[in-house]
Structures are given as C-alpha cells and as structure tokens.
$ cat query.txt   # compact mmCIF, C-alpha atoms and all ligand atoms
# COMPACT_ATOMS: atom_id res chain seq x y z
CA MET O 1 8.48 9.18 13.54
CA SER O 2 8.45 12.30 15.65
CA ALA O 3 5.86 14.86 14.61
CA SER O 4 8.34 17.60 15.54
CA LEU O 5 10.66 16.80 12.65
CA PRO O 6 10.44 19.34 9.86
CA ALA O 7 8.23 18.51 6.91
CA VAL O 8 10.22 18.19 3.70
CA SER O 9 9.05 19.02 0.25
CA ARG O 10 9.35 16.54 -2.60
CA SER O 11 11.25 19.25 -4.43
CA GLU O 12 14.15 18.72 -2.04
CA ILE O 13 14.79 15.29 -3.54
CA PRO O 14 17.46 15.65 -6.25
CA ARG O 15 15.77 15.01 -9.58
CA ASN O 16 16.62 14.46 -13.21
CA ALA O 17 15.01 16.55 -15.94
CA ASP O 18 12.24 13.94 -16.40
CA GLY O 19 11.28 14.08 -12.74
CA SER O 20 12.82 10.76 -11.74
CA ALA O 21 15.04 10.56 -8.67
CA ALA O 22 18.63 11.65 -9.20
CA GLY O 23 19.99 10.75 -5.80
CA SER O 24 20.54 7.24 -4.44
CA THR O 25 21.01 8.07 -0.78
CA VAL O 26 17.93 8.95 1.18
CA THR O 27 18.77 8.43 4.78
CA PRO O 28 17.87 11.57 6.78
CA ASP O 29 14.72 11.09 8.81
CA SER O 30 13.37 14.32 7.40
CA LEU O 31 13.20 12.84 3.92
CA VAL O 32 11.15 9.94 5.18
CA LEU O 33 8.55 12.55 6.10
CA VAL O 34 7.94 13.26 2.45
CA ALA O 35 5.50 10.42 2.22
CA ARG O 36 3.81 11.29 5.49
CA THR O 37 3.14 14.87 4.54
CA LEU O 38 2.46 14.73 0.82
CA ALA O 39 0.45 12.58 -1.53
CA ARG O 40 3.41 11.39 -3.56
CA TYR O 41 1.27 9.80 -6.20
CA ASP O 42 -0.49 13.03 -7.17
CA GLU O 43 2.16 14.11 -9.62
CA PHE O 44 2.38 10.66 -11.17
CA ALA O 45 -1.35 9.86 -11.22
CA GLU O 46 -1.67 10.10 -15.01
CA TRP O 47 1.42 7.98 -15.50
CA TYR O 48 0.37 5.46 -12.85
CA GLU O 49 -3.07 4.93 -14.38
CA GLN O 50 -1.57 4.32 -17.82
CA TRP O 51 1.21 2.11 -16.46
CA THR O 52 -1.14 -0.16 -14.55
CA SER O 53 -3.53 -0.39 -17.50
CA GLY O 54 -0.94 -2.67 -19.10
CA PHE O 55 -1.10 -5.06 -16.14
CA GLY O 56 -3.27 -8.08 -15.58
CA PRO O 57 -5.71 -8.13 -12.65
CA PRO O 58 -4.53 -6.92 -9.25
CA LEU O 59 -2.64 -9.64 -7.37
CA ILE O 60 -5.41 -9.96 -4.80
CA SER O 61 -8.02 -10.46 -7.55
CA ALA O 62 -5.77 -13.12 -9.05
CA HIS O 63 -5.82 -15.01 -5.75
CA PRO O 64 -9.53 -15.27 -4.90
CA GLU O 65 -8.79 -18.24 -2.65
CA LEU O 66 -7.60 -15.70 -0.07
CA MET O 67 -11.10 -14.28 0.33
CA PRO O 68 -14.54 -15.74 1.03
CA PRO O 69 -17.43 -15.13 -1.41
CA LEU O 70 -17.71 -11.34 -1.49
CA ALA O 71 -21.39 -10.83 -2.31
CA GLY O 72 -23.08 -8.76 0.36
CA LEU O 73 -19.90 -7.98 2.31
CA ARG O 74 -18.85 -4.49 3.37
CA LEU O 75 -15.20 -4.03 2.44
CA LEU O 76 -12.49 -1.43 2.83
CA ASP O 77 -9.90 -1.10 0.07
CA LEU O 78 -6.98 0.60 1.79
CA ALA O 79 -4.73 2.83 -0.37
CA CYS O 80 -7.04 2.08 -3.28
CA GLY O 81 -5.33 4.40 -5.78
CA HIS O 82 -7.50 4.76 -8.88
CA GLY O 83 -9.69 1.88 -7.75
CA ARG O 84 -8.34 -1.11 -9.70
CA LEU O 85 -9.11 -3.53 -6.90
CA SER O 86 -12.11 -1.63 -5.51
CA ARG O 87 -13.93 -2.16 -8.82
CA ASP O 88 -13.17 -5.89 -8.80
CA LEU O 89 -14.53 -6.18 -5.25
CA ALA O 90 -17.71 -4.28 -6.16
CA ARG O 91 -18.20 -6.40 -9.29
CA ALA O 92 -18.08 -9.46 -7.02
CA GLY O 93 -21.04 -8.06 -5.08
CA ALA O 94 -19.38 -6.24 -2.17
CA THR O 95 -20.10 -2.72 -0.98
CA VAL O 96 -16.74 -0.97 -0.96
CA VAL O 97 -15.12 2.03 0.66
CA GLY O 98 -11.85 2.96 -1.04
CA VAL O 99 -9.47 5.20 0.91
CA ASP O 100 -6.37 6.89 -0.46
CA PHE O 101 -4.22 9.93 0.21
CA SER O 102 -3.92 10.93 -3.43
CA GLY O 103 -6.70 13.23 -4.60
CA ALA O 104 -5.52 12.90 -8.20
CA LEU O 105 -5.83 9.10 -8.17
CA LEU O 106 -9.21 9.29 -6.46
CA ASP O 107 -10.42 11.71 -9.14
CA LYS O 108 -9.52 9.05 -11.69
CA ALA O 109 -11.28 6.36 -9.67
CA ARG O 110 -14.46 8.42 -9.52
CA THR O 111 -14.61 8.80 -13.30
CA ARG O 112 -14.79 5.01 -13.68
CA ASP O 113 -17.70 2.75 -12.77
CA SER O 114 -18.13 3.50 -9.08
CA ALA O 115 -21.47 1.85 -8.31
CA ASP O 116 -21.32 0.46 -4.76
CA ILE O 117 -18.00 2.21 -4.10
CA ASP O 118 -17.44 5.26 -1.89
CA TYR O 119 -14.06 6.92 -2.34
CA VAL O 120 -12.58 8.86 0.58
CA GLN O 121 -9.41 10.94 0.68
CA ALA O 122 -7.56 10.27 3.93
CA ASP O 123 -4.23 9.30 5.46
CA VAL O 124 -4.67 5.68 6.50
CA THR O 125 -1.88 5.92 9.07
CA ARG O 126 -4.01 8.22 11.23
CA ALA O 127 -7.12 7.54 13.33
CA PRO O 128 -9.97 6.90 10.85
CA HIS O 129 -12.11 10.00 11.41
CA TRP O 130 -13.72 9.29 8.04
CA TRP O 131 -15.14 6.00 9.31
CA ASP O 132 -18.89 5.87 10.06
CA GLY O 133 -18.43 3.31 12.84
CA HIS O 134 -19.95 0.39 10.93
CA PRO O 135 -17.35 -2.40 11.04
CA PHE O 136 -16.03 -3.83 7.80
CA ASP O 137 -16.17 -7.57 7.09
CA GLY O 138 -12.87 -7.42 5.28
CA CYS O 139 -10.07 -5.10 4.25
CA THR O 140 -7.75 -5.29 1.24
CA CYS O 141 -4.49 -3.50 0.48
CA GLU O 142 -2.98 -4.06 -2.96
CA LEU O 143 0.73 -3.30 -3.41
CA ALA O 144 0.65 -0.23 -1.18
CA LEU O 145 2.22 -0.97 2.22
CA MET O 146 5.65 -0.22 0.68
CA ASP O 147 4.27 3.23 -0.13
CA ILE O 148 3.04 3.91 3.39
CA ASP O 149 5.63 5.02 5.91
CA ASP O 150 3.89 4.17 9.15
CA LEU O 151 3.12 0.45 9.24
CA SER O 152 1.85 0.27 12.82
CA GLY O 153 -0.44 3.27 12.29
CA THR O 154 -1.87 1.65 9.18
CA LEU O 155 -2.42 -1.71 10.84
CA ALA O 156 -4.06 0.03 13.80
CA THR O 157 -6.53 1.55 11.34
CA VAL O 158 -7.23 -1.88 9.88
CA ALA O 159 -7.78 -3.41 13.32
CA THR O 160 -10.04 -0.52 14.34
CA VAL O 161 -12.42 -0.70 11.40
CA LEU O 162 -12.64 -4.50 11.03
CA ARG O 163 -15.24 -6.44 12.92
CA PRO O 164 -13.82 -9.13 15.22
CA GLY O 165 -13.11 -12.09 12.94
CA GLY O 166 -12.92 -9.79 9.93
CA TRP O 167 -10.13 -10.49 7.45
CA PHE O 168 -7.25 -8.44 6.07
CA VAL O 169 -5.80 -9.49 2.71
CA ALA O 170 -2.75 -7.65 1.40
CA SER O 171 -0.14 -7.93 -1.32
CA ILE O 172 3.33 -6.41 -1.10
CA VAL O 173 6.58 -6.46 -3.00
CA HIS O 174 8.33 -9.37 -1.34
CA PRO O 175 10.52 -7.85 1.40
CA CYS O 176 13.13 -10.52 0.70
CA PHE O 177 13.15 -9.58 -3.00
CA PRO O 178 16.82 -9.70 -3.95
CA GLY O 179 16.42 -7.72 -7.14
CA ASN O 180 16.53 -8.55 -10.81
CA ASP O 181 16.92 -6.86 -14.18
CA ASN O 182 13.60 -5.06 -13.75
CA GLY O 183 14.55 -3.11 -10.66
CA LEU O 184 16.54 -3.05 -7.49
CA SER O 185 15.96 -5.22 -4.46
CA SER O 186 13.33 -4.38 -1.85
CA TRP O 187 16.10 -2.87 0.28
CA PRO O 188 18.54 -0.07 -0.62
CA SER O 189 21.39 -1.71 -2.46
CA ASP O 190 24.02 0.31 -0.60
CA ARG O 191 22.52 -0.43 2.84
CA GLY O 192 21.35 -4.04 2.95
CA TYR O 193 18.33 -5.97 4.18
CA ASP O 194 18.43 -4.49 7.70
CA ALA O 195 17.94 -0.92 6.43
CA GLU O 196 14.28 -0.21 7.12
CA VAL O 197 14.03 3.14 5.40
CA TRP O 198 12.19 4.95 2.68
CA TRP O 199 14.56 5.14 -0.27
CA ILE O 200 14.65 6.11 -3.90
CA SER O 201 17.28 5.49 -6.52
CA PRO O 202 17.95 6.41 -10.15
CA ASP O 203 18.96 2.78 -10.62
CA HIS O 204 15.40 1.50 -10.30
CA ASN O 205 13.62 0.28 -13.37
CA PRO O 206 13.13 3.49 -15.43
CA ASN O 207 9.72 2.21 -16.55
CA GLY O 208 8.48 1.42 -13.06
CA ALA O 209 6.93 3.17 -10.07
CA ARG O 210 9.85 3.05 -7.64
CA ILE O 211 12.12 5.42 -9.55
CA ARG O 212 9.28 7.93 -9.29
CA VAL O 213 7.88 7.42 -5.77
CA GLY O 214 10.54 5.43 -3.92
CA ALA O 215 9.66 2.66 -1.49
CA THR O 216 9.81 1.83 2.19
CA HIS O 217 11.70 -1.37 2.89
CA ARG O 218 10.80 -3.43 5.95
CA LYS O 219 12.07 -6.80 6.97
CA LEU O 220 9.74 -9.75 6.77
CA ALA O 221 9.81 -9.99 10.58
CA THR O 222 8.66 -6.37 10.83
CA TYR O 223 5.61 -7.05 8.70
CA LEU O 224 4.71 -10.27 10.49
CA ASN O 225 5.27 -8.88 13.99
CA GLY O 226 3.40 -5.70 13.03
CA LEU O 227 0.37 -7.75 12.05
CA LEU O 228 0.48 -9.78 15.25
CA ASP O 229 0.96 -6.66 17.40
CA ALA O 230 -2.15 -5.16 15.81
CA GLY O 231 -4.17 -8.23 16.72
CA LEU O 232 -4.25 -9.50 13.14
CA GLU O 233 -3.51 -13.21 13.12
CA LEU O 234 -1.98 -14.78 10.06
CA GLU O 235 -4.03 -17.46 8.36
CA ARG O 236 -2.49 -17.88 4.91
CA ILE O 237 0.59 -16.73 3.02
CA ILE O 238 1.12 -16.93 -0.74
CA GLU O 239 4.34 -16.41 -2.68
CA PRO O 240 3.26 -16.42 -6.34
CA ALA O 241 5.48 -18.59 -8.51
CA ALA O 242 8.50 -16.65 -9.76
CA PRO O 243 12.13 -17.45 -10.48
CA ILE O 244 13.00 -15.28 -7.46
CA PRO O 245 10.65 -14.01 -4.75
CA THR O 246 8.81 -11.00 -6.12
CA PHE O 247 5.46 -10.67 -4.35
CA LEU O 248 3.95 -11.82 -1.07
CA LEU O 249 0.28 -12.02 -0.15
CA TRP O 250 -1.39 -12.87 3.13
CA ARG O 251 -4.73 -13.24 4.82
CA CYS O 252 -5.02 -12.29 8.49
CA ARG O 253 -8.03 -12.22 10.74
CA ARG O 254 -8.77 -9.77 13.50
CA ARG O 255 -8.71 -11.60 16.81
CA TRP O 256 -12.13 -12.36 18.25
CA ASP O 257 -10.95 -11.50 21.74
CA ASP O 258 -8.80 -8.39 21.76
CA ASN O 259 -7.71 -9.20 25.31
CA ALA O 260 -6.43 -12.65 24.35
C1 LIG O 301 1.36 1.48 -5.65
S1 LIG O 301 -0.06 2.46 -5.30
C2 LIG O 301 -1.28 1.16 -5.18
C3 LIG O 301 -2.65 1.70 -5.49
C4 LIG O 301 -3.71 0.60 -5.69
N1 LIG O 301 -3.85 -0.23 -4.50
C5 LIG O 301 -3.37 -0.23 -6.90
O1 LIG O 301 -3.11 -1.44 -6.73
O2 LIG O 301 -3.35 0.31 -8.01
C6 LIG O 301 0.19 2.94 -3.60
C7 LIG O 301 -0.94 3.82 -3.08
O3 LIG O 301 -0.73 4.08 -1.70
C8 LIG O 301 -1.27 5.37 -1.44
N2 LIG O 301 -0.80 5.87 -0.15
C9 LIG O 301 0.49 6.05 0.25
N3 LIG O 301 0.54 6.52 1.51
C10 LIG O 301 -0.76 6.62 1.93
C11 LIG O 301 -1.36 7.03 3.15
N4 LIG O 301 -0.61 7.41 4.20
N5 LIG O 301 -2.71 7.03 3.24
C12 LIG O 301 -3.46 6.63 2.19
N6 LIG O 301 -2.95 6.22 1.00
C13 LIG O 301 -1.60 6.20 0.88
C14 LIG O 301 -0.80 6.18 -2.63
O4 LIG O 301 -1.51 7.40 -2.76
C15 LIG O 301 -1.05 5.17 -3.76
O5 LIG O 301 -2.33 5.32 -4.31
$ encode --input "query.txt" --output "structure tokens" --more "lines below"
Ligand SMILES: C[S@@+](CC[C@H](N)C(=O)[O-])C[C@H]1O[C@@H](n2cnc3c(N)ncnc32)[C@H](O)[C@@H]1O
Amino acid sequence: MSASLPAVSRSEIPRNADGSAAGSTVTPDSLVLVARTLARYDEFAEWYEQWTSGFGPPLISAHPELMPPLAGLRLLDLACGHGRLSRDLARAGATVVGVDFSGALLDKARTRDSADIDYVQADVTRAPHWWDGHPFDGCTCELALMDIDDLSGTLATVATVLRPGGWFVASIVHPCFPGNDNGLSSWPSDRGYDAEVWWISPDHNPNGARIRVGATHRKLATYLNGLLDAGLELERIIEPAAPIPTFLLWRCRRRWDDNA
C-alpha cells in the first residue's frame, strides 16, 4: 500500500444508527487505509471484551499440541487485544510481551492479572522499535491476521523478533470459509475468493465482530507463501473439526539459516 494515499477516517464508512456498517462495497484503496491508520478496535473495545467473555479458551490455548512446554520461554503475543491469550501463556509459565494497536483494549488487558506480561501499544506491521533486541522463543497471533492489513509487514516483524528456530503459532478465520448462517464467507460475497481486500458488510452476523470492524480476506496461497517468504517454515496445520471450514491454525519455525 502506498504511503502517499490519503488517510481515511472511519467516519467515512457509511454506518447505521447503531454504528454497524451500512455499506457492502468497500473497494477503494483509500478505505483499506482505515485499518492502517486507526486502531479500529478502540471504539468497540467494551463490546469486544464482553463478546469474547462468552467464548471458550482462545483457539491456540485449545490446541496446546502446537506449542512446546511454555515454562521459562519468552513469548510475543502479537495483536493481543485485551490479553486473552497472553494471560494463558503467562499462566503456563512464560514471560510474555503483548503488542496491540488498540490503546482501549490494552487498557483492559492491564486491569487484569498481568504478572509476567508487558503490554506495548504498537503497529505490528512496522519495524519493531519497541523491541529490546532480546529474541523471542515463540510468537502467537490469535484470530488477528484478518484484522491486520499488511501481512508481509507483520510477518517481517515476526521473523525479526524470533530467534532462529523460534516458532510462530497463529489462528485465523479459515480463508476458504464459504460462509454459514452465522456470517458471510471469508471473502466479499459480491467479489469472490480472489478478492484480497479489506471489506465490511451489513450482512455479517449482527452479533459478531466483522459487522463492526470488517475483515481482510486473503487467499490460502497468500498466507502460505507469505510465511515462506518471511523465512517461516510450516511445520503443522490444524483445521478444527467443523461442518464447514471455519478456522485454521498453524505452527511455523523461523529458518535456522536465513540465507538458505
Ligand atoms: C479479533 S482481535 C483479536 C485480539 C486477541 N488476539 C484475541 O484473541 O482476543 C484483532 C486485534 O488485532 C489488532 N490489530 C489490528 N491491526 C493491528 C496492527 N496493525 N498492529 C497491532 N495490532 C493490530 C486489533 O487492535 C485487535 O486487538
């Protein structure tokens, strides 16, 4: 995305009285900048905390087989939100840095048990100036890559802060999700699977996050090639049992030899 494109305010997105998206077509590049320039979750932080409180454990916590024993490890929880996963990682004995763009969600995280967790407000798509230079053993990212517009910038951050051989475990809405009664497909319904855009629609599940913050759709190949291009080699993929594909998790490892 060119930095010379004009920044666009959230207020330019057509909205219903309750704040949900009123328009289904979000194609201009300038609108994609919304997520790059603003912390979209700030205005929905209260709602998001309450909404997720009705959930079970984060997907990554529910799949501990993706991670080694965590005690004593130094971990980064990327786009940590209000710290749902960061707290699980710290309870398992890790020292955690949680990074997120949304000051409002981080404020909520800090009011909870934050022993062994440092929360940092930063854009994870940019060079990690917040990083103290001590490599992380592992990095997690729970259900957030669809909220982050610049995949390669984010994966570059992961590769920069991980030690060689360090792991990256992430969960995403399955990019091949064809949609069901609870919400639209991963991709804009009027554009199709090839449309790799940030989009928002009033037809999303009215009780869910996407009608409020939209989502960036990417093809499966884009995710997988993005990981490989960043030097993050796939080790394991999980598609949790569901009548139709809903979520996807993976474990990658930073290459030992970056010149390989
Ligand atoms: C669906 S929430 C997931 C939060 C948390 N991982 C969880 O499972 O509750 C997506 C998160 O991505 C964060 N986010 C989006 N773009 C970001 C960016 N460029 N840098 C840092 N965080 C970002 C949002 O602020 C939000 O907290």
$ closest_residue --input "query.txt" --among "O:Gly165, O:Pro240, O:Gly93, O:Gly81" --to "ligand LIG 301 (chain O)" --atoms "only C-alpha atoms and all ligand atoms"
O:Gly81
$ residues_near_ligand --input "query.txt" --ligand "ligand LIG 301 (chain O)" --cutoff "9 Å" --atoms "only C-alpha atoms and all ligand atoms" --output "VMD selection string"
chain O and resid 35 to 42 45 48 to 49 52 58 to 59 77 to 86 99 to 106 121 to 126 140 to 150 154 171 209 to 210 213
$ write_last_selection --input "query.txt" --atoms "C-alpha atoms" --output "PDB file, in the coordinates of the input"
ATOM      1  CA  ALA O  35       5.500  10.420   2.220  1.00  0.00           C
ATOM      2  CA  ARG O  36       3.810  11.290   5.490  1.00  0.00           C
ATOM      3  CA  THR O  37       3.140  14.870   4.540  1.00  0.00           C
ATOM      4  CA  LEU O  38       2.460  14.730   0.820  1.00  0.00           C
ATOM      5  CA  ALA O  39       0.450  12.580  -1.530  1.00  0.00           C
ATOM      6  CA  ARG O  40       3.410  11.390  -3.560  1.00  0.00           C
ATOM      7  CA  TYR O  41       1.270   9.800  -6.200  1.00  0.00           C
ATOM      8  CA  ASP O  42      -0.490  13.030  -7.170  1.00  0.00           C
ATOM      9  CA  ALA O  45      -1.350   9.860 -11.220  1.00  0.00           C
ATOM     10  CA  TYR O  48       0.370   5.460 -12.850  1.00  0.00           C
ATOM     11  CA  GLU O  49      -3.070   4.930 -14.380  1.00  0.00           C
ATOM     12  CA  THR O  52      -1.140  -0.160 -14.550  1.00  0.00           C
ATOM     13  CA  PRO O  58      -4.530  -6.920  -9.250  1.00  0.00           C
ATOM     14  CA  LEU O  59      -2.640  -9.640  -7.370  1.00  0.00           C
ATOM     15  CA  ASP O  77      -9.900  -1.100   0.070  1.00  0.00           C
ATOM     16  CA  LEU O  78      -6.980   0.600   1.790  1.00  0.00           C
ATOM     17  CA  ALA O  79      -4.730   2.830  -0.370  1.00  0.00           C
ATOM     18  CA  CYS O  80      -7.040   2.080  -3.280  1.00  0.00           C
ATOM     19  CA  GLY O  81      -5.330   4.400  -5.780  1.00  0.00           C
ATOM     20  CA  HIS O  82      -7.500   4.760  -8.880  1.00  0.00           C
ATOM     21  CA  GLY O  83      -9.690   1.880  -7.750  1.00  0.00           C
ATOM     22  CA  ARG O  84      -8.340  -1.110  -9.700  1.00  0.00           C
ATOM     23  CA  LEU O  85      -9.110  -3.530  -6.900  1.00  0.00           C
ATOM     24  CA  SER O  86     -12.110  -1.630  -5.510  1.00  0.00           C
ATOM     25  CA  VAL O  99      -9.470   5.200   0.910  1.00  0.00           C
ATOM     26  CA  ASP O 100      -6.370   6.890  -0.460  1.00  0.00           C
ATOM     27  CA  PHE O 101      -4.220   9.930   0.210  1.00  0.00           C
ATOM     28  CA  SER O 102      -3.920  10.930  -3.430  1.00  0.00           C
ATOM     29  CA  GLY O 103      -6.700  13.230  -4.600  1.00  0.00           C
ATOM     30  CA  ALA O 104      -5.520  12.900  -8.200  1.00  0.00           C
ATOM     31  CA  LEU O 105      -5.830   9.100  -8.170  1.00  0.00           C
ATOM     32  CA  LEU O 106      -9.210   9.290  -6.460  1.00  0.00           C
ATOM     33  CA  GLN O 121      -9.410  10.940   0.680  1.00  0.00           C
ATOM     34  CA  ALA O 122      -7.560  10.270   3.930  1.00  0.00           C
ATOM     35  CA  ASP O 123      -4.230   9.300   5.460  1.00  0.00           C
ATOM     36  CA  VAL O 124      -4.670   5.680   6.500  1.00  0.00           C
ATOM     37  CA  THR O 125      -1.880   5.920   9.070  1.00  0.00           C
ATOM     38  CA  ARG O 126      -4.010   8.220  11.230  1.00  0.00           C
ATOM     39  CA  THR O 140      -7.750  -5.290   1.240  1.00  0.00           C
ATOM     40  CA  CYS O 141      -4.490  -3.500   0.480  1.00  0.00           C
ATOM     41  CA  GLU O 142      -2.980  -4.060  -2.960  1.00  0.00           C
ATOM     42  CA  LEU O 143       0.730  -3.300  -3.410  1.00  0.00           C
ATOM     43  CA  ALA O 144       0.650  -0.230  -1.180  1.00  0.00           C
ATOM     44  CA  LEU O 145       2.220  -0.970   2.220  1.00  0.00           C
ATOM     45  CA  MET O 146       5.650  -0.220   0.680  1.00  0.00           C
ATOM     46  CA  ASP O 147       4.270   3.230  -0.130  1.00  0.00           C
ATOM     47  CA  ILE O 148       3.040   3.910   3.390  1.00  0.00           C
ATOM     48  CA  ASP O 149       5.630   5.020   5.910  1.00  0.00           C
ATOM     49  CA  ASP O 150       3.890   4.170   9.150  1.00  0.00           C
ATOM     50  CA  THR O 154      -1.870   1.650   9.180  1.00  0.00           C
ATOM     51  CA  SER O 171      -0.140  -7.930  -1.320  1.00  0.00           C
ATOM     52  CA  ALA O 209       6.930   3.170 -10.070  1.00  0.00           C
ATOM     53  CA  ARG O 210       9.850   3.050  -7.640  1.00  0.00           C
ATOM     54  CA  VAL O 213       7.880   7.420  -5.770  1.00  0.00           C
TER      55      VAL O 213
END
$ closest_residue --input "query.txt" --among "O:Ala241, O:Ala109, O:Leu155, O:Leu75" --to "Leu224 of chain O" --atoms "only C-alpha atoms"
O:Leu155
$ closest_residue --input "query.txt" --among "O:Pro135, O:Pro178, O:Pro64, O:Gly231" --to "Ala156 of chain O" --atoms "all atoms listed in the file"
O:Gly231
$ closest_residue --input "query.txt" --among "O:Ala170, O:Ala215, O:Ala230, O:Cys176" --to "His63 of chain O" --atoms "only C-alpha atoms"
O:Ala170
$ decode --input "query.txt" --residues "segment 164-183 of chain O" --atoms "N, CA and C atoms" --output "compact mmCIF listing (two decimals), in the first residue's frame"
# COMPACT_ATOMS: atom_id res chain seq x y z
N PRO O 164 16.42 -17.67 15.68
CA PRO O 164 16.40 -18.74 14.68
C PRO O 164 15.90 -20.03 15.33
N GLY O 165 14.99 -20.71 14.67
CA GLY O 165 14.38 -21.91 15.25
C GLY O 165 13.19 -21.60 16.13
N GLY O 166 12.93 -20.33 16.38
CA GLY O 166 11.75 -19.95 17.17
C GLY O 166 10.48 -20.22 16.39
N TRP O 167 9.37 -20.41 17.11
CA TRP O 167 8.13 -20.83 16.45
C TRP O 167 7.11 -19.70 16.40
N PHE O 168 6.23 -19.82 15.42
CA PHE O 168 5.13 -18.85 15.24
C PHE O 168 3.84 -19.65 15.09
N VAL O 169 2.96 -19.51 16.09
CA VAL O 169 1.67 -20.22 16.07
C VAL O 169 0.56 -19.18 15.91
N ALA O 170 -0.29 -19.40 14.93
CA ALA O 170 -1.37 -18.43 14.66
C ALA O 170 -2.67 -19.16 14.39
N SER O 171 -3.76 -18.46 14.67
CA SER O 171 -5.10 -18.93 14.27
C SER O 171 -5.73 -17.83 13.43
N ILE O 172 -6.46 -18.25 12.41
CA ILE O 172 -7.19 -17.28 11.56
C ILE O 172 -8.57 -17.83 11.23
N VAL O 173 -9.46 -16.95 10.80
CA VAL O 173 -10.68 -17.43 10.18
C VAL O 173 -10.25 -18.12 8.89
N HIS O 174 -10.73 -19.31 8.68
CA HIS O 174 -10.28 -20.09 7.52
C HIS O 174 -10.51 -19.28 6.23
N PRO O 175 -9.43 -19.04 5.45
CA PRO O 175 -9.61 -18.20 4.26
C PRO O 175 -10.48 -18.85 3.20
N CYS O 176 -10.70 -20.16 3.34
CA CYS O 176 -11.60 -20.84 2.40
C CYS O 176 -12.99 -21.03 3.02
N PHE O 177 -13.26 -20.25 4.06
CA PHE O 177 -14.56 -20.32 4.74
C PHE O 177 -15.67 -19.88 3.78
N PRO O 178 -16.57 -20.78 3.44
CA PRO O 178 -17.58 -20.43 2.45
C PRO O 178 -18.82 -19.76 3.02
N GLY O 179 -18.81 -19.52 4.33
CA GLY O 179 -19.95 -18.82 4.91
C GLY O 179 -20.99 -19.77 5.46
N ASN O 180 -21.70 -19.29 6.47
CA ASN O 180 -22.83 -20.05 7.01
C ASN O 180 -23.82 -19.07 7.62
N ASP O 181 -24.77 -19.60 8.40
CA ASP O 181 -25.81 -18.73 8.94
C ASP O 181 -25.26 -17.69 9.92
N ASN O 182 -24.07 -17.92 10.43
CA ASN O 182 -23.53 -17.00 11.44
C ASN O 182 -22.74 -15.84 10.85
N GLY O 183 -22.62 -15.79 9.54
CA GLY O 183 -21.84 -14.70 8.98
C GLY O 183 -21.51 -14.99 7.54
